[in-house]
Amino acid sequence: MELPRVDTSRNPGCAARSCGSSGDQLSQLPEHIRAKVRNHPCYSEQAHHYFARMHVAVAPACNIQCHYCNRKYDCANESRPGVVSEVLTPEQAVKKVMAVAAHIPQMTVLGIAGPGDPLANPERTFATFRMLTEKAPDIKLCVSTNGLVLPESVDELCKANIDHVTITINCVDPDVGTRIYPWVFWNNRRVMGRAAAEILIEQQQKGLERLTARGILVKVNSVMIPGVNDEHLVEVSKVVKAKGAFLHNVMPLIAEPEHGTFYGLMGQRSPSHDELQRLQDACAGDMAMMRHCRQCRADAVGLLGEDRGQEFTLDKIEGMEIDYAAAMVKRAEVQARIARELEEKARSSKVQVISIEGLKKPRSASRPVLMAVATKGGGVINEHFGHASEFLIYEASDAGVRFIGHRKTIPYCEGGDTCGDGESALDRTLRELAGCEAVLCAKVGFEPWGALEAAGIQPNGEHAMEPIEAALAAVYAEMRAAGKLDAKPVAQQKAA
Amino acid sequence: MALEIIETCVNCHACEPLCPNQAIYQAIPHFLIDPDRCTECIGDHMDPQCASICPIEGAIVDESGQPLHPIGSLTGIPPELVACYRAALEAVKG
């Protein structure tokens, strides 16, 4: 028996349960919004398996300080917001975008996200957008901002044809804000303390209202900081939804001492996978949640979860001759082909849902199971266990299969004996996969196979090249048939 | 009377457009202030603009070499922790 994918349009009463469901997390939204984000990897969970994005680092200046950011730190191996290898001029950025667009035809979206705040660098940011509108009209333009000068920038954003904006909103209460933002630059002065948080919050909310009033799609990013704003983010989710934000992306704090940030040096901890998921589920009662964010660098290139930035460094694009007219034709073909594939997929999943509705539910509800998947994109299981630098995590239950998030690791085959602190790459992966009961990949080697089994995670290479959700549903059905869902997970039995 | 940008500058560009005297210019390895043009913003603003937006503690100093925003004053990180961190960074760089 195959399990249905959760279909929220048929099931409006359980939006909270199902809005993380793969490809369907936006299904409660009106059709015109879904049409706008259908090929946007950062907004649509389904799209992120197929379409790529890029950021250009033209905006180095910032007008606020956040406790999770350190402007001194830059490392090519680091992947997180605010980090870049080289700041570009608008002209260099345009050249890079056109080079990437020609080489990665499924790249649909160009975002400016820093490394500072795009709207604190209005000349550089808008010069880049203006040139791209003219030279590469087939690319969607996005911007990501802290919101401090957003209300005053809305007209300019509209003129620049930006139809997607992301605002990072970590709080709506200044008392929470004082523990996140030490200062803002406002009216030619540096403002510190509670007043800084008050100004920032007021501007963010005003900016959000003005954007949605103009019909611009707004996604809200929030950084989950345990003990600071974790409980408060449920309130944030309610407020931003009421003001018209269409998607909320709650991301885990990244804080390590070596980053030199306030939180990193002061020992502020990051949330666990479990805490993050619980908060996302709590917020999901109120609005569509994004769970596939990779918290990418301000100069990332490629599918989410991969970074091909090194293929397009300044010295490399210098030598590239780009025929953009020809590239546009190819891009349109490739993107149309992907769109057809997705439509086809959507049709077959609807048929599946209808055929399943007549089936009887199991007598007693089975417990949900977390499973990990290794994929290189395309919505199929096509990555070897040893090559995966991240795993996608899904929850399978009687209600269907839903996407939960991703977990980064060091590829087992590249990790060498240890990675820094004496932990082997395999140990790290096992730790990251804690809570999962199966891992589906294209192939798994002999050594990790044994280690995974010992950790209570069943390796599975039988569904190579199959669509992710269908494979997970099949594995869940097998587990049920084998009576594995009646017992506690293997890992818990061992711990007991 | 002029301010100076020192080597801890991270080239973030934030100060350059704010200067009422166009005294700040991009240079290698970091931005610089033309001392003949800098007025420390007296007559134009309440506070020197470059030092009011610069995110790096200690990167802008006055004529006597005193930082306008000493270590710890902007981020709230205790100076001894910052010193520790900077020493560790230097050690890694060799």
# chains A, B, ... in the order shown; residues from 1 in each chain; ligands from 1
$ closest_atom_pairs --of "chain A" --to "chain B" --cutoff "7 Å" --atoms "only C-alpha atoms" --output "Markdown table"
| residue | atom | partner | partner_atom | distance |
| --- | --- | --- | --- | --- |
| A:Pro60 | CA | B:Cys12 | CA | 4.8 |
| A:Ala61 | CA | B:Ala14 | CA | 4.4 |
| A:Cys62 | CA | B:Ala14 | CA | 6.5 |
| A:Asn63 | CA | B:Ile53 | CA | 6.6 |
| A:Lys72 | CA | B:Val10 | CA | 6.1 |
| A:Pro182 | CA | B:Thr75 | CA | 6.2 |
| A:Phe185 | CA | B:Ile53 | CA | 6.0 |
| A:Asn188 | CA | B:Gln49 | CA | 6.6 |
| A:Arg189 | CA | B:Ser52 | CA | 6.0 |
| A:Arg190 | CA | B:Ser52 | CA | 5.2 |
| A:Gly260 | CA | B:Tyr85 | CA | 6.7 |
| A:Phe262 | CA | B:Ile77 | CA | 5.8 |
$ write_last_selection --atoms "C-alpha atoms" --output "PDB file, in the first residue's frame"
ATOM      1  CA  PRO A  60      29.020  45.212   2.287  1.00  0.00           C
ATOM      2  CA  ALA A  61      27.787  48.035   4.532  1.00  0.00           C
ATOM      3  CA  CYS A  62      25.415  47.411   7.403  1.00  0.00           C
ATOM      4  CA  ASN A  63      23.406  49.789   9.554  1.00  0.00           C
ATOM      5  CA  LYS A  72      35.509  40.611  10.562  1.00  0.00           C
ATOM      6  CA  PRO A 182      23.343  46.202  20.586  1.00  0.00           C
ATOM      7  CA  PHE A 185      22.556  53.599  12.974  1.00  0.00           C
ATOM      8  CA  ASN A 188      23.028  60.025  11.637  1.00  0.00           C
ATOM      9  CA  ARG A 189      23.651  58.687  15.126  1.00  0.00           C
ATOM     10  CA  ARG A 190      24.509  55.346  16.652  1.00  0.00           C
ATOM     11  CA  GLY A 260      34.026  35.788  17.110  1.00  0.00           C
ATOM     12  CA  PHE A 262      28.873  38.021  20.766  1.00  0.00           C
TER      13      PHE A 262
END
$ residues_around --residues "Leu276 (chain A)" --least-positions-apart "5" --cutoff "9 Å" --atoms "only C-alpha atoms" --output "mmCIF file with N, CA and C atoms, in the first residue's frame"
data_model
loop_
_atom_site.group_PDB
_atom_site.id
_atom_site.type_symbol
_atom_site.label_atom_id
_atom_site.label_comp_id
_atom_site.auth_asym_id
_atom_site.auth_seq_id
_atom_site.Cartn_x
_atom_site.Cartn_y
_atom_site.Cartn_z
ATOM 1 N N MET A 224 16.293 31.524 15.605
ATOM 2 C CA MET A 224 15.863 30.989 16.899
ATOM 3 C C MET A 224 17.041 30.970 17.865
ATOM 4 N N ASP A 230 13.123 32.265 21.714
ATOM 5 C CA ASP A 230 12.525 31.015 21.218
ATOM 6 C C ASP A 230 11.011 30.965 21.446
ATOM 7 N N VAL A 250 11.881 29.940 10.242
ATOM 8 C CA VAL A 250 12.580 29.965 11.532
ATOM 9 C C VAL A 250 13.862 29.152 11.386
ATOM 10 N N MET A 251 14.998 29.825 11.573
ATOM 11 C CA MET A 251 16.299 29.194 11.357
ATOM 12 C C MET A 251 17.017 29.053 12.697
ATOM 13 N N PRO A 252 17.866 28.039 12.837
ATOM 14 C CA PRO A 252 18.610 27.894 14.093
ATOM 15 C C PRO A 252 19.756 28.894 14.176
ATOM 16 N N PRO A 271 19.982 25.989 19.056
ATOM 17 C CA PRO A 271 18.938 25.012 19.374
ATOM 18 C C PRO A 271 19.272 23.627 18.819
ATOM 19 N N ASP A 281 6.842 23.650 14.346
ATOM 20 C CA ASP A 281 5.499 23.067 14.397
ATOM 21 C C ASP A 281 4.543 23.975 15.172
#
$ residues_around --residues "Met131 (chain A)" --least-positions-apart "4" --cutoff "10 Å" --atoms "only C-alpha atoms" --output "PDB file with N, CA and C atoms, in the first residue's frame"
ATOM      1  N   PRO A  90      28.788  46.571  -8.774  1.00  0.00           N
ATOM      2  CA  PRO A  90      27.589  46.206  -9.537  1.00  0.00           C
ATOM      3  C   PRO A  90      27.930  45.644 -10.924  1.00  0.00           C
ATOM      4  N   GLU A  91      28.917  46.216 -11.586  1.00  0.00           N
ATOM      5  CA  GLU A  91      29.286  45.734 -12.935  1.00  0.00           C
ATOM      6  C   GLU A  91      29.819  44.304 -12.868  1.00  0.00           C
ATOM      7  N   ALA A  93      29.153  42.166 -10.571  1.00  0.00           N
ATOM      8  CA  ALA A  93      28.043  41.299 -10.161  1.00  0.00           C
ATOM      9  C   ALA A  93      27.193  40.909 -11.363  1.00  0.00           C
ATOM     10  N   VAL A  94      26.925  41.888 -12.234  1.00  0.00           N
ATOM     11  CA  VAL A  94      26.090  41.614 -13.403  1.00  0.00           C
ATOM     12  C   VAL A  94      26.782  40.603 -14.305  1.00  0.00           C
ATOM     13  N   PHE A 126      20.731  48.937  -6.071  1.00  0.00           N
ATOM     14  CA  PHE A 126      19.777  49.252  -7.128  1.00  0.00           C
ATOM     15  C   PHE A 126      20.454  49.386  -8.498  1.00  0.00           C
ATOM     16  N   ALA A 127      21.727  49.768  -8.523  1.00  0.00           N
ATOM     17  CA  ALA A 127      22.448  49.783  -9.804  1.00  0.00           C
ATOM     18  C   ALA A 127      22.520  48.363 -10.356  1.00  0.00           C
ATOM     19  N   LYS A 135      19.569  43.635 -18.880  1.00  0.00           N
ATOM     20  CA  LYS A 135      20.393  42.652 -19.595  1.00  0.00           C
ATOM     21  C   LYS A 135      19.936  41.212 -19.415  1.00  0.00           C
ATOM     22  N   ALA A 136      19.291  40.910 -18.305  1.00  0.00           N
ATOM     23  CA  ALA A 136      18.884  39.525 -18.047  1.00  0.00           C
ATOM     24  C   ALA A 136      17.455  39.515 -17.510  1.00  0.00           C
ATOM     25  N   PRO A 137      16.496  39.880 -18.395  1.00  0.00           N
ATOM     26  CA  PRO A 137      15.123  40.054 -17.925  1.00  0.00           C
ATOM     27  C   PRO A 137      14.436  38.755 -17.493  1.00  0.00           C
ATOM     28  N   ALA A 160      12.207  48.821  -9.099  1.00  0.00           N
ATOM     29  CA  ALA A 160      13.224  47.868  -9.552  1.00  0.00           C
ATOM     30  C   ALA A 160      12.627  46.486  -9.866  1.00  0.00           C
TER      31      ALA A 160
END
$ closest_residue --among "A:Gly435, A:Gly386, A:Gly379, A:Gly445" --to "Glu466 (chain A)" --atoms "only C-alpha atoms"
A:Gly379
$ closest_residue --among "A:Arg402, A:Gln65, A:Arg297, A:Glu311" --to "Leu200 (chain A)" --atoms "only C-alpha atoms"
A:Gln65
$ residues_around --residues "Ala23 (chain B)" --least-positions-apart "6" --cutoff "8 Å" --atoms "only C-alpha atoms" --output "ChimeraX atom specification"
/B:33-38
$ residues_around --residues "Ile393 (chain A)" --least-positions-apart "3" --cutoff "7 Å" --atoms "only C-alpha atoms" --output "count of residues only"
8
$ residues_around --residues "Asp44 (chain B)" --least-positions-apart "6" --cutoff "10 Å" --atoms "only C-alpha atoms" --output "PyMOL selection string"
chain B and resi 19-21
$ closest_residue --among "B:Ala59, B:Ile71, B:Ile5, B:Ile42" --to "Ile24 (chain B)" --atoms "only C-alpha atoms"
B:Ile5
$ closest_residue --among "A:Leu217, A:Gln92, A:Lys316, A:Pro226" --to "Ile33 (chain A)" --atoms "only C-alpha atoms"
A:Leu217
